[in-house]
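Engineer: The following file, protein27.cif, comprises mmCIF, C-alpha atoms and all ligand atoms:
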```cif
data_data
loop_
_atom_site.group_PDB
_atom_site.id
_atom_site.type_symbol
_atom_site.label_atom_id
_atom_site.label_comp_id
_atom_site.auth_asym_id
_atom_site.auth_seq_id
_atom_site.Cartn_x
_atom_site.Cartn_y
_atom_site.Cartn_z
ATOM 1 C CA MET A 19 0.437 4.536 4.516
ATOM 2 C CA TYR A 20 1.195 2.473 7.578
ATOM 3 C CA ARG A 21 3.157 2.507 10.807
ATOM 4 C CA LEU A 22 4.598 -0.035 13.206
ATOM 5 C CA VAL A 23 2.776 -0.295 16.529
ATOM 6 C CA CYS A 24 3.763 -2.251 19.649
ATOM 7 C CA VAL A 25 1.095 -4.891 20.349
ATOM 8 C CA HIS A 26 1.562 -4.401 24.101
ATOM 9 C CA CYS A 27 2.176 -0.744 24.981
ATOM 10 C CA GLY A 28 1.035 0.931 21.757
ATOM 11 C CA ALA A 29 4.350 2.719 21.087
ATOM 12 C CA ILE A 30 4.526 3.879 17.469
ATOM 13 C CA TYR A 31 7.521 3.487 15.146
ATOM 14 C CA SER A 32 8.194 4.749 11.667
ATOM 15 C CA PRO A 33 8.331 2.075 8.940
ATOM 16 C CA ASP A 34 11.749 3.367 7.815
ATOM 17 C CA GLN A 35 13.260 2.168 11.076
ATOM 18 C CA ILE A 36 15.080 -1.163 11.247
ATOM 19 C CA ILE A 37 13.369 -2.458 14.360
ATOM 20 C CA TYR A 38 12.013 -5.861 15.351
ATOM 21 C CA THR A 39 10.673 -5.440 18.893
ATOM 22 C CA CYS A 40 9.479 -2.498 20.984
ATOM 23 C CA ASN A 41 12.300 -0.357 22.422
ATOM 24 C CA ARG A 42 10.114 0.507 25.368
ATOM 25 C CA CYS A 43 8.696 -2.861 26.475
ATOM 26 C CA GLY A 44 10.271 -5.527 24.253
ATOM 27 C CA HIS A 45 7.013 -6.854 22.781
ATOM 28 C CA LEU A 46 6.240 -7.557 19.133
ATOM 29 C CA LEU A 47 5.384 -4.911 16.564
ATOM 30 C CA THR A 48 2.489 -5.025 14.146
ATOM 31 C CA VAL A 49 1.819 -3.162 10.896
ATOM 32 C CA GLU A 50 -1.123 -0.759 11.166
ATOM 33 C CA TYR A 51 -2.578 0.758 7.982
ATOM 34 C CA ASP A 52 -4.433 3.999 7.581
ATOM 35 C CA MET A 53 -7.661 2.327 6.447
ATOM 36 C CA ASP A 54 -9.211 5.586 5.213
ATOM 37 C CA GLY A 55 -6.303 5.941 2.804
ATOM 38 C CA ILE A 56 -6.852 2.540 1.187
ATOM 39 C CA ASP A 57 -8.544 2.932 -2.130
ATOM 40 C CA VAL A 58 -9.384 -0.401 -3.745
ATOM 41 C CA SER A 59 -12.515 -2.402 -4.481
ATOM 42 C CA ARG A 60 -13.129 -6.113 -4.317
ATOM 43 C CA ASP A 61 -13.830 -6.070 -8.060
ATOM 44 C CA GLU A 62 -10.414 -4.590 -8.654
ATOM 45 C CA TRP A 63 -8.814 -7.348 -6.560
ATOM 46 C CA ASN A 64 -10.836 -10.018 -8.363
ATOM 47 C CA ARG A 65 -9.515 -8.840 -11.727
ATOM 48 C CA ARG A 66 -5.935 -9.629 -10.643
ATOM 49 C CA PRO A 67 -4.379 -13.126 -10.564
ATOM 50 C CA LEU A 68 -4.904 -15.007 -7.300
ATOM 51 C CA SER A 69 -1.618 -14.485 -5.447
ATOM 52 C CA VAL A 70 -0.125 -12.720 -2.440
ATOM 53 C CA TRP A 71 0.245 -9.604 -4.574
ATOM 54 C CA ARG A 72 -3.435 -9.384 -5.517
ATOM 55 C CA TYR A 73 -3.781 -7.696 -2.109
ATOM 56 C CA ARG A 74 -0.901 -5.241 -2.408
ATOM 57 C CA GLU A 75 -2.941 -2.318 -1.000
ATOM 58 C CA LEU A 76 -2.919 -4.192 2.330
ATOM 59 C CA LEU A 77 0.808 -4.986 2.147
ATOM 60 C CA PRO A 78 3.702 -2.752 3.205
ATOM 61 C CA VAL A 79 5.805 -3.101 0.018
ATOM 62 C CA ARG A 80 5.708 -0.061 -2.273
ATOM 63 C CA GLY A 81 8.049 -0.957 -5.153
ATOM 64 C CA GLU A 82 8.503 -4.068 -7.285
ATOM 65 C CA PRO A 83 8.347 -7.100 -4.948
ATOM 66 C CA VAL A 84 10.866 -9.947 -4.771
ATOM 67 C CA SER A 85 8.489 -12.634 -5.976
ATOM 68 C CA LEU A 86 8.614 -16.302 -6.971
ATOM 69 C CA GLN A 87 4.873 -16.335 -7.773
ATOM 70 C CA GLU A 88 3.814 -17.413 -4.299
ATOM 71 C CA GLY A 89 0.235 -17.881 -3.183
ATOM 72 C CA GLY A 90 -2.634 -18.688 -5.514
ATOM 73 C CA THR A 91 -2.653 -22.181 -3.990
ATOM 74 C CA PRO A 92 -5.553 -24.567 -4.653
ATOM 75 C CA LEU A 93 -8.533 -24.775 -2.309
ATOM 76 C CA TYR A 94 -9.824 -28.329 -2.439
ATOM 77 C CA HIS A 95 -13.373 -29.266 -1.586
ATOM 78 C CA LEU A 96 -12.875 -32.326 0.656
ATOM 79 C CA LYS A 97 -16.018 -34.236 -0.245
ATOM 80 C CA LYS A 98 -15.047 -37.684 1.090
ATOM 81 C CA ILE A 99 -13.674 -36.619 4.491
ATOM 82 C CA GLY A 100 -16.459 -34.050 4.703
ATOM 83 C CA LYS A 101 -19.019 -36.799 4.250
ATOM 84 C CA GLU A 102 -17.462 -38.873 7.027
ATOM 85 C CA LEU A 103 -17.465 -35.884 9.343
ATOM 86 C CA GLY A 104 -20.897 -34.632 8.342
ATOM 87 C CA LEU A 105 -19.430 -31.411 6.925
ATOM 88 C CA SER A 106 -20.584 -30.853 3.369
ATOM 89 C CA GLU A 107 -18.513 -27.664 3.030
ATOM 90 C CA LEU A 108 -15.048 -28.734 4.167
ATOM 91 C CA TYR A 109 -12.091 -27.286 2.283
ATOM 92 C CA ALA A 110 -8.313 -27.555 2.473
ATOM 93 C CA LYS A 111 -5.917 -24.957 1.179
ATOM 94 C CA HIS A 112 -2.855 -26.733 -0.178
ATOM 95 C CA GLU A 113 -0.039 -24.472 0.947
ATOM 96 C CA GLY A 114 2.507 -27.088 -0.080
ATOM 97 C CA MET A 115 1.979 -25.761 -3.605
ATOM 98 C CA ASN A 116 4.009 -22.637 -2.822
ATOM 99 C CA PRO A 117 7.430 -22.247 -4.535
ATOM 100 C CA THR A 118 9.526 -23.816 -1.743
ATOM 101 C CA GLY A 119 6.738 -26.064 -0.466
ATOM 102 C CA SER A 120 5.308 -24.156 2.492
ATOM 103 C CA PHE A 121 3.190 -21.143 3.448
ATOM 104 C CA LYS A 122 6.391 -19.448 4.654
ATOM 105 C CA ASP A 123 6.834 -18.195 1.077
ATOM 106 C CA ARG A 124 3.927 -15.769 1.551
ATOM 107 C CA GLY A 125 5.754 -14.134 4.426
ATOM 108 C CA MET A 126 9.172 -14.236 2.836
ATOM 109 C CA THR A 127 8.154 -12.554 -0.424
ATOM 110 C CA VAL A 128 7.032 -9.585 1.709
ATOM 111 C CA GLY A 129 9.878 -9.829 4.251
ATOM 112 C CA VAL A 130 12.660 -9.998 1.658
ATOM 113 C CA SER A 131 11.013 -7.264 -0.439
ATOM 114 C CA MET A 132 11.039 -5.060 2.671
ATOM 115 C CA ALA A 133 14.679 -5.970 3.406
ATOM 116 C CA CYS A 134 15.534 -4.642 -0.071
ATOM 117 C CA GLU A 135 13.371 -1.512 0.305
ATOM 118 C CA LEU A 136 15.054 -0.801 3.640
ATOM 119 C CA GLY A 137 18.449 -1.053 1.924
ATOM 120 C CA MET A 138 19.606 -4.140 3.841
ATOM 121 C CA LYS A 139 22.502 -6.000 2.208
ATOM 122 C CA SER A 140 22.019 -9.446 3.787
ATOM 123 C CA VAL A 141 19.327 -11.477 5.541
ATOM 124 C CA ALA A 142 19.317 -14.079 8.311
ATOM 125 C CA CYS A 143 17.125 -16.428 10.314
ATOM 126 C CA ALA A 144 17.313 -19.275 12.785
ATOM 127 C CA SER A 145 15.339 -22.241 11.557
ATOM 128 C CA THR A 146 15.266 -26.003 11.434
ATOM 129 C CA GLY A 147 12.941 -26.213 8.463
ATOM 130 C CA ASN A 148 10.573 -24.348 6.218
ATOM 131 C CA THR A 149 11.657 -20.848 7.249
ATOM 132 C CA SER A 150 15.275 -21.348 6.179
ATOM 133 C CA ALA A 151 14.343 -23.047 2.908
ATOM 134 C CA SER A 152 12.015 -20.182 2.053
ATOM 135 C CA LEU A 153 14.349 -17.375 3.108
ATOM 136 C CA ALA A 154 17.244 -18.905 1.154
ATOM 137 C CA ALA A 155 15.158 -19.041 -2.030
ATOM 138 C CA TYR A 156 13.927 -15.443 -1.759
ATOM 139 C CA ALA A 157 17.409 -14.171 -0.847
ATOM 140 C CA ALA A 158 18.749 -15.920 -3.962
ATOM 141 C CA LYS A 159 16.025 -14.286 -6.052
ATOM 142 C CA ALA A 160 16.891 -10.876 -4.571
ATOM 143 C CA GLY A 161 20.629 -11.513 -4.943
ATOM 144 C CA VAL A 162 21.440 -10.903 -1.281
ATOM 145 C CA PRO A 163 23.495 -13.223 0.940
ATOM 146 C CA CYS A 164 21.557 -15.362 3.423
ATOM 147 C CA VAL A 165 22.754 -16.755 6.765
ATOM 148 C CA VAL A 166 20.882 -19.579 8.525
ATOM 149 C CA LEU A 167 21.644 -20.576 12.108
ATOM 150 C CA LEU A 168 20.466 -23.914 13.379
ATOM 151 C CA PRO A 169 20.947 -26.190 16.367
ATOM 152 C CA ALA A 170 23.413 -28.973 15.446
ATOM 153 C CA GLY A 171 21.728 -32.333 14.921
ATOM 154 C CA LYS A 172 18.097 -31.218 15.275
ATOM 155 C CA VAL A 173 17.028 -30.332 11.782
ATOM 156 C CA ALA A 174 14.951 -31.539 8.851
ATOM 157 C CA LEU A 175 17.617 -32.677 6.370
ATOM 158 C CA GLY A 176 15.515 -32.082 3.275
ATOM 159 C CA LYS A 177 14.881 -28.513 4.360
ATOM 160 C CA VAL A 178 18.533 -27.756 5.121
ATOM 161 C CA ALA A 179 19.374 -29.224 1.721
ATOM 162 C CA GLN A 180 16.936 -26.737 0.166
ATOM 163 C CA ALA A 181 18.631 -23.816 1.971
ATOM 164 C CA LEU A 182 22.082 -25.011 0.892
ATOM 165 C CA MET A 183 21.008 -25.477 -2.719
ATOM 166 C CA HIS A 184 19.839 -21.880 -2.787
ATOM 167 C CA GLY A 185 23.261 -20.763 -1.623
ATOM 168 C CA ALA A 186 22.569 -19.935 2.023
ATOM 169 C CA ARG A 187 25.450 -19.983 4.478
ATOM 170 C CA VAL A 188 24.241 -22.583 6.996
ATOM 171 C CA ILE A 189 25.906 -22.495 10.423
ATOM 172 C CA SER A 190 25.166 -25.053 13.124
ATOM 173 C CA ILE A 191 25.578 -23.975 16.709
ATOM 174 C CA ARG A 192 25.825 -25.832 19.991
ATOM 175 C CA GLY A 193 22.589 -25.369 21.896
ATOM 176 C CA ASN A 194 18.878 -25.630 21.200
ATOM 177 C CA PHE A 195 16.634 -23.694 18.850
ATOM 178 C CA ASP A 196 16.009 -20.880 21.353
ATOM 179 C CA ARG A 197 19.752 -20.313 21.603
ATOM 180 C CA ALA A 198 20.013 -20.177 17.792
ATOM 181 C CA LEU A 199 17.204 -17.622 17.758
ATOM 182 C CA GLU A 200 18.926 -15.493 20.388
ATOM 183 C CA MET A 201 22.223 -15.652 18.521
ATOM 184 C CA VAL A 202 20.740 -14.702 15.174
ATOM 185 C CA HIS A 203 18.951 -11.748 16.772
ATOM 186 C CA GLU A 204 22.242 -10.541 18.303
ATOM 187 C CA LEU A 205 24.082 -11.125 15.031
ATOM 188 C CA CYS A 206 21.516 -9.081 13.098
ATOM 189 C CA ILE A 207 21.743 -6.169 15.509
ATOM 190 C CA SER A 208 25.549 -6.206 15.809
ATOM 191 C CA HIS A 209 26.354 -6.861 12.120
ATOM 192 C CA GLY A 210 23.459 -5.216 10.289
ATOM 193 C CA LEU A 211 21.859 -8.298 8.777
ATOM 194 C CA TYR A 212 18.085 -8.180 8.362
ATOM 195 C CA LEU A 213 16.277 -10.580 10.696
ATOM 196 C CA LEU A 214 13.539 -12.687 9.115
ATOM 197 C CA ASN A 215 12.341 -14.917 11.928
ATOM 198 C CA SER A 216 8.682 -14.524 12.883
ATOM 199 C CA VAL A 217 9.401 -11.548 15.157
ATOM 200 C CA ASN A 218 9.725 -9.659 11.871
ATOM 201 C CA PRO A 219 6.462 -7.726 11.525
ATOM 202 C CA TYR A 220 6.450 -7.777 7.708
ATOM 203 C CA ARG A 221 6.437 -11.540 7.283
ATOM 204 C CA LEU A 222 3.043 -11.793 8.950
ATOM 205 C CA GLU A 223 1.666 -9.307 6.450
ATOM 206 C CA GLY A 224 2.308 -11.775 3.652
ATOM 207 C CA GLN A 225 0.933 -14.683 5.620
ATOM 208 C CA LYS A 226 -2.432 -13.055 6.181
ATOM 209 C CA THR A 227 -3.164 -13.496 2.455
ATOM 210 C CA ILE A 228 -4.024 -17.185 3.065
ATOM 211 C CA GLY A 229 -7.301 -15.959 4.554
ATOM 212 C CA PHE A 230 -7.904 -13.420 1.770
ATOM 213 C CA GLU A 231 -7.427 -16.056 -0.912
ATOM 214 C CA ALA A 232 -9.628 -18.631 0.830
ATOM 215 C CA ILE A 233 -12.513 -16.152 0.987
ATOM 216 C CA ASP A 234 -12.038 -15.152 -2.657
ATOM 217 C CA GLN A 235 -11.970 -18.827 -3.662
ATOM 218 C CA LEU A 236 -15.249 -19.340 -1.797
ATOM 219 C CA GLY A 237 -16.804 -16.609 -3.929
ATOM 220 C CA GLY A 238 -16.508 -13.966 -1.208
ATOM 221 C CA GLU A 239 -18.056 -16.060 1.529
ATOM 222 C CA VAL A 240 -16.546 -16.064 5.023
ATOM 223 C CA PRO A 241 -16.075 -19.606 6.382
ATOM 224 C CA ASP A 242 -17.628 -20.406 9.784
ATOM 225 C CA ARG A 243 -14.291 -21.659 11.012
ATOM 226 C CA ILE A 244 -10.669 -21.624 9.906
ATOM 227 C CA VAL A 245 -8.381 -24.314 11.319
ATOM 228 C CA LEU A 246 -4.618 -23.770 11.185
ATOM 229 C CA PRO A 247 -1.488 -25.493 12.469
ATOM 230 C CA VAL A 248 0.147 -23.483 15.243
ATOM 231 C CA GLY A 249 3.827 -23.180 16.088
ATOM 232 C CA ASN A 250 4.378 -19.805 17.688
ATOM 233 C CA ALA A 251 0.947 -18.709 16.386
ATOM 234 C CA GLY A 252 2.331 -16.116 13.992
ATOM 235 C CA ASN A 253 0.408 -17.492 11.072
ATOM 236 C CA ILE A 254 -2.970 -17.813 12.784
ATOM 237 C CA SER A 255 -2.706 -14.308 14.224
ATOM 238 C CA ALA A 256 -1.715 -13.003 10.790
ATOM 239 C CA VAL A 257 -4.796 -14.558 9.188
ATOM 240 C CA TYR A 258 -7.038 -13.089 11.887
ATOM 241 C CA LYS A 259 -5.410 -9.653 11.552
ATOM 242 C CA GLY A 260 -6.030 -9.755 7.812
ATOM 243 C CA LEU A 261 -9.678 -10.651 8.214
ATOM 244 C CA ARG A 262 -10.182 -7.783 10.642
ATOM 245 C CA GLU A 263 -8.710 -5.484 8.014
ATOM 246 C CA LEU A 264 -11.164 -6.815 5.408
ATOM 247 C CA GLU A 265 -13.941 -6.155 7.906
ATOM 248 C CA ALA A 266 -12.681 -2.595 8.477
ATOM 249 C CA LEU A 267 -12.737 -2.047 4.702
ATOM 250 C CA GLY A 268 -16.316 -3.324 4.617
ATOM 251 C CA PHE A 269 -15.382 -6.266 2.347
ATOM 252 C CA ILE A 270 -16.702 -8.836 4.844
ATOM 253 C CA ASP A 271 -19.341 -8.431 7.540
ATOM 254 C CA ARG A 272 -18.405 -11.164 10.000
ATOM 255 C CA LEU A 273 -15.336 -13.023 11.246
ATOM 256 C CA PRO A 274 -14.782 -16.781 11.297
ATOM 257 C CA MET A 275 -13.997 -18.732 14.434
ATOM 258 C CA MET A 276 -10.269 -19.401 14.499
ATOM 259 C CA THR A 277 -8.984 -22.794 15.677
ATOM 260 C CA GLY A 278 -5.287 -23.530 16.163
ATOM 261 C CA ILE A 279 -3.884 -27.055 16.326
ATOM 262 C CA GLN A 280 -0.491 -27.660 17.924
ATOM 263 C CA ALA A 281 1.493 -30.896 17.952
ATOM 264 C CA ALA A 282 1.726 -32.598 21.354
ATOM 265 C CA GLY A 283 5.519 -32.691 21.044
ATOM 266 C CA SER A 284 5.753 -28.954 20.369
ATOM 267 C CA GLN A 285 3.169 -26.917 22.244
ATOM 268 C CA PRO A 286 4.494 -23.477 23.096
ATOM 269 C CA VAL A 287 1.002 -21.960 23.225
HETATM 270 C C1 LIG B 301 5.880 -22.482 10.249
HETATM 271 C C2 LIG B 301 4.957 -23.595 10.194
HETATM 272 C C3 LIG B 301 3.997 -23.789 11.207
HETATM 273 C C4 LIG B 301 3.910 -22.890 12.411
HETATM 274 O O1 LIG B 301 3.525 -21.585 12.097
HETATM 275 P P1 LIG B 301 3.471 -20.428 13.202
HETATM 276 O O2 LIG B 301 3.344 -19.163 12.461
HETATM 277 O O3 LIG B 301 4.768 -20.522 13.973
HETATM 278 O O4 LIG B 301 2.301 -20.710 14.103
HETATM 279 C C5 LIG B 301 3.116 -24.852 11.079
HETATM 280 N N1 LIG B 301 3.150 -25.673 10.017
HETATM 281 C C6 LIG B 301 4.048 -25.510 9.022
HETATM 282 C C7 LIG B 301 4.031 -26.471 7.886
HETATM 283 C C8 LIG B 301 4.979 -24.474 9.069
HETATM 284 O O5 LIG B 301 5.847 -24.308 8.064
HETATM 285 ZN ZN ZN B 302 5.905 -1.709 23.679
#
```
Please, can you express the file's structure as structure tokens?

Structural biologist:
Amino acid sequence: MYRLVCVHCGAIYSPDQIIYTCNRCGHLLTVEYDMDGIDVSRDEWNRRPLSVWRYRELLPVRGEPVSLQEGGTPLYHLKKIGKELGLSELYAKHEGMNPTGSFKDRGMTVGVSMACELGMKSVACASTGNTSASLAAYAAKAGVPCVVLLPAGKVALGKVAQALMHGARVISIRGNFDRALEMVHELCISHGLYLLNSVNPYRLEGQKTIGFEAIDQLGGEVPDRIVLPVGNAGNISAVYKGLRELEALGFIDRLPMMTGIQAAGSQPV
């Protein structure tokens, strides 16, 4: 059992609603579970394969998910760099090992599964890279049409190629990425496509499993610090949200320090 809650004003929405931002104040929505209703043990989780779906009790999808076997990525012990830095316990989680080559697959398996559960007949996003490649692959798996909007001339060619190969309809628009984002949002609302940019509250639910897996791979130990790349900070907030849920379930007893790294040429935060 869960509901959608506005992160700003606390307004509550039913999960059957097709809604991306708060009707009252326009802020983002987050998925809030009834923690007392969650009945699972860590042992039970540990018996399942390491993947996004190991943690299905803390995910919004109820039926059979649209999955390409995402997650379960390796956690490497970085002994050489760790030695240089004086950190004997330095690890890297290789998210490039996901089906389309990025951590976006964790969000999209949940987002596209929800699109199907909500009865949506097509999906869309604005993206210059990993998001479109991932959405296109999951839409193909689900058998629903996918529309990708992108700013003309400002894209990662390899990633657009991936979206095209998976049969997405790729449309370039005049204007920058923010304009593409605005247009896709309008298009989704006016034409009933399901929006899968990071405003979508369900994508973050999948992305939080990076933190769950890392802790399981460390034998249940919480790292002192988790360092993540930051774009609009969806992923890092998802990981933190997930860890707070583990804490609420009593599966961990402390939280790591979270550190976000943003590129100098792209620093929205
Ligand atoms: C999407 C993405 C990011 C940014 O993630 P946010 O959730 O926007 O913070 C960083 N690195 C890679 C490789 C990505 O695909
Ligand atoms: Zn609100």

Engineer: Separation of atom CA of Met276 of chain A and atom CA of Arg262 of chain A, in Å?

Structural biologist: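 Value for the atom CA of Met276 of chain A-atom CA of Arg262 of chain A distance: 12.2 Å.
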
Engineer: Collect all residues with atoms no farther than 9 Å from ligand ZN 302 (chain B), counting all atoms listed in the file, and output them as an MDAnalysis selection string.

Structural biologist: chainID A and resid 23:30 39:47

Engineer: Just the number, please: distance in Å from atom CA of Leu222 of chain A to atom CA of Gly171 of chain A, one decimal.

Structural biologist: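 We find that atom CA of Leu222 of chain A and atom CA of Gly171 of chain A lie 28.4 Å from each other.
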
Engineer: Which residues, written as a compact mmCIF listing (two decimals) with C-alpha atoms, in the coordinates of the input, have at least one atom at most 9 Å from Gly260 of chain A, with all atoms listed in the file counted and residues fewer than 5 positions away on the same chain left out?

Structural biologist:
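The file below, result_15.txt, is the result:
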```
# COMPACT_ATOMS: atom_id res chain seq x y z
CA LEU A 76 -2.92 -4.19 2.33
CA GLU A 223 1.67 -9.31 6.45
CA GLN A 225 0.93 -14.68 5.62
CA LYS A 226 -2.43 -13.06 6.18
CA THR A 227 -3.16 -13.50 2.46
CA GLY A 229 -7.30 -15.96 4.55
CA PHE A 230 -7.90 -13.42 1.77
CA SER A 255 -2.71 -14.31 14.22
CA GLU A 265 -13.94 -6.16 7.91
```

Engineer: Using only C-alpha atoms and all ligand atoms, determine which residues fall within 9 Å of ligand LIG 301 (chain B), then list them as a list of chain:residue names.

Structural biologist: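 Final answer, ordered by chain and number: A:Glu113, A:Gly114, A:Gly119, A:Ser120, A:Phe121, A:Lys122, A:Gly147, A:Asn148, A:Thr149, A:Ser216, A:Leu222, A:Gln225, A:Leu246, A:Pro247, A:Val248, A:Gly249, A:Asn250, A:Ala251, A:Gly252, A:Asn253, A:Ile254, A:Ser255, A:Ala256, A:Gly278, A:Gln280.
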
Engineer: Given the choices A:Pro241, A:Pro219, A:Gly193, A:Gly185, which gets closest to Thr48 of chain A if the distance is worked out from only C-alpha atoms?

Structural biologist: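 Checking each of A:Pro241, A:Pro219, A:Gly193, A:Gly185 against Thr48 of chain A, counting only C-alpha atoms, the winner is A:Pro219.
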
Engineer: On this file, the PyMOL selection byres (((chain A and resi 123-127) around 7) and not hetatm) gives some set of residues; write that set as an MDAnalysis selection string.

Structural biologist: chainID A and resid 70 84:85 88:89 116:118 120:122 128:131 152:153 156 221:225

Engineer: Hey, which of A:Lys259, A:Lys139, A:Asp234, A:Val240 ends up closest to Pro274 of chain A? Count all atoms listed in the file.

Structural biologist: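 The answer is A:Val240, which sits nearest to Pro274 of chain A.
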
Engineer: Emit as JSON the padded axis-aligned box for all listed atoms of segment 59-64 of chain A, 4 Å per side, with centre and edge lengths in Å to one decimal.

Structural biologist:
```
{"center_x": -11.3, "center_y": -6.2, "center_z": -6.5, "size_x": 13.0, "size_y": 15.6, "size_z": 12.3}
```

Engineer: Around the point (0.8, -12.5, -6.9) in the file's coordinates, collect all residues with an atom within 9 Å, using only C-alpha atoms, and return them as a list of chain:residue names.

Structural biologist: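 Those within range, by chain then number, are A:Arg66, A:Pro67, A:Leu68, A:Ser69, A:Val70, A:Trp71, A:Arg72, A:Tyr73, A:Arg74, A:Ser85, A:Leu86, A:Gln87, A:Glu88, A:Gly89, A:Gly90.
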
Engineer: Neighbouring residues of Ser140 of chain A were defined as those with any atom within 9 Å, considering all atoms listed in the file; residues of the same chain fewer than 2 positions away were excluded. Please report them as a PyMOL selection string.

Structural biologist: chain A and resi 133-134+138+142+157+162-165+210-212

Engineer: Tell me which residues the PyMOL selection byres (((chain A and resi 58) around 12) and not hetatm) grabs here, as a PDB file with C-alpha atoms, keeping the file's coordinate frame.

Structural biologist:
```pdb
ATOM      1  CA  MET A  53      -7.661   2.327   6.447  1.00  0.00           C
ATOM      2  CA  ASP A  54      -9.211   5.586   5.213  1.00  0.00           C
ATOM      3  CA  GLY A  55      -6.303   5.941   2.804  1.00  0.00           C
ATOM      4  CA  ILE A  56      -6.852   2.540   1.187  1.00  0.00           C
ATOM      5  CA  ASP A  57      -8.544   2.932  -2.130  1.00  0.00           C
ATOM      6  CA  SER A  59     -12.515  -2.402  -4.481  1.00  0.00           C
ATOM      7  CA  ARG A  60     -13.129  -6.113  -4.317  1.00  0.00           C
ATOM      8  CA  ASP A  61     -13.830  -6.070  -8.060  1.00  0.00           C
ATOM      9  CA  GLU A  62     -10.414  -4.590  -8.654  1.00  0.00           C
ATOM     10  CA  TRP A  63      -8.814  -7.348  -6.560  1.00  0.00           C
ATOM     11  CA  ASN A  64     -10.836 -10.018  -8.363  1.00  0.00           C
ATOM     12  CA  ARG A  65      -9.515  -8.840 -11.727  1.00  0.00           C
ATOM     13  CA  ARG A  72      -3.435  -9.384  -5.517  1.00  0.00           C
ATOM     14  CA  TYR A  73      -3.781  -7.696  -2.109  1.00  0.00           C
ATOM     15  CA  ARG A  74      -0.901  -5.241  -2.408  1.00  0.00           C
ATOM     16  CA  GLU A  75      -2.941  -2.318  -1.000  1.00  0.00           C
ATOM     17  CA  LEU A  76      -2.919  -4.192   2.330  1.00  0.00           C
ATOM     18  CA  LEU A 264     -11.164  -6.815   5.408  1.00  0.00           C
ATOM     19  CA  LEU A 267     -12.737  -2.047   4.702  1.00  0.00           C
ATOM     20  CA  GLY A 268     -16.316  -3.324   4.617  1.00  0.00           C
ATOM     21  CA  PHE A 269     -15.382  -6.266   2.347  1.00  0.00           C
TER      22      PHE A 269
END
```

Engineer: Could you state the separation of atom CA of Ser190 of chain A and atom CA of Gly137 of chain A in Å, given to one decimal place?

Structural biologist: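 Straight-line distance from atom CA of Ser190 of chain A to atom CA of Gly137 of chain A works out to 27.3 Å.
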
Engineer: Would you list the contacts of Ala232 of chain A as a VMD selection string, taking every protein, DNA or RNA residue within 10 Å and counting only C-alpha atoms, but skipping same-chain residues closer than 5 positions in sequence?

Structural biologist: chain A and resid 90 to 93 109 to 111 227 237 to 241 244

Engineer: Give the answer as one residue: which of A:Lys159, A:Leu108, A:Ala174, A:Val166 has the shortest atom-to-atom distance to Val245 of chain A, using only C-alpha atoms?

Structural biologist: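 Once distances to Val245 of chain A are computed over only C-alpha atoms, the minimum belongs to A:Leu108.
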
Engineer: Could you build a table of the residues in segment 50-151 of chain A lying no more than 8 Å from segment 178-181 of chain A, giving for each the nearest pair of atoms and their separation in Å rounded to one decimal place, using all atoms listed in the file, ordered by chain and ascending residue number, as a Markdown table?

Structural biologist:
```
| residue | atom | partner | partner_atom | distance |
| --- | --- | --- | --- | --- |
| A:Thr146 | CA | A:Val178 | CA | 7.3 |
| A:Gly147 | CA | A:Val178 | CA | 6.7 |
| A:Ser150 | CA | A:Ala181 | CA | 5.9 |
| A:Ala151 | CA | A:Ala181 | CA | 4.5 |
```
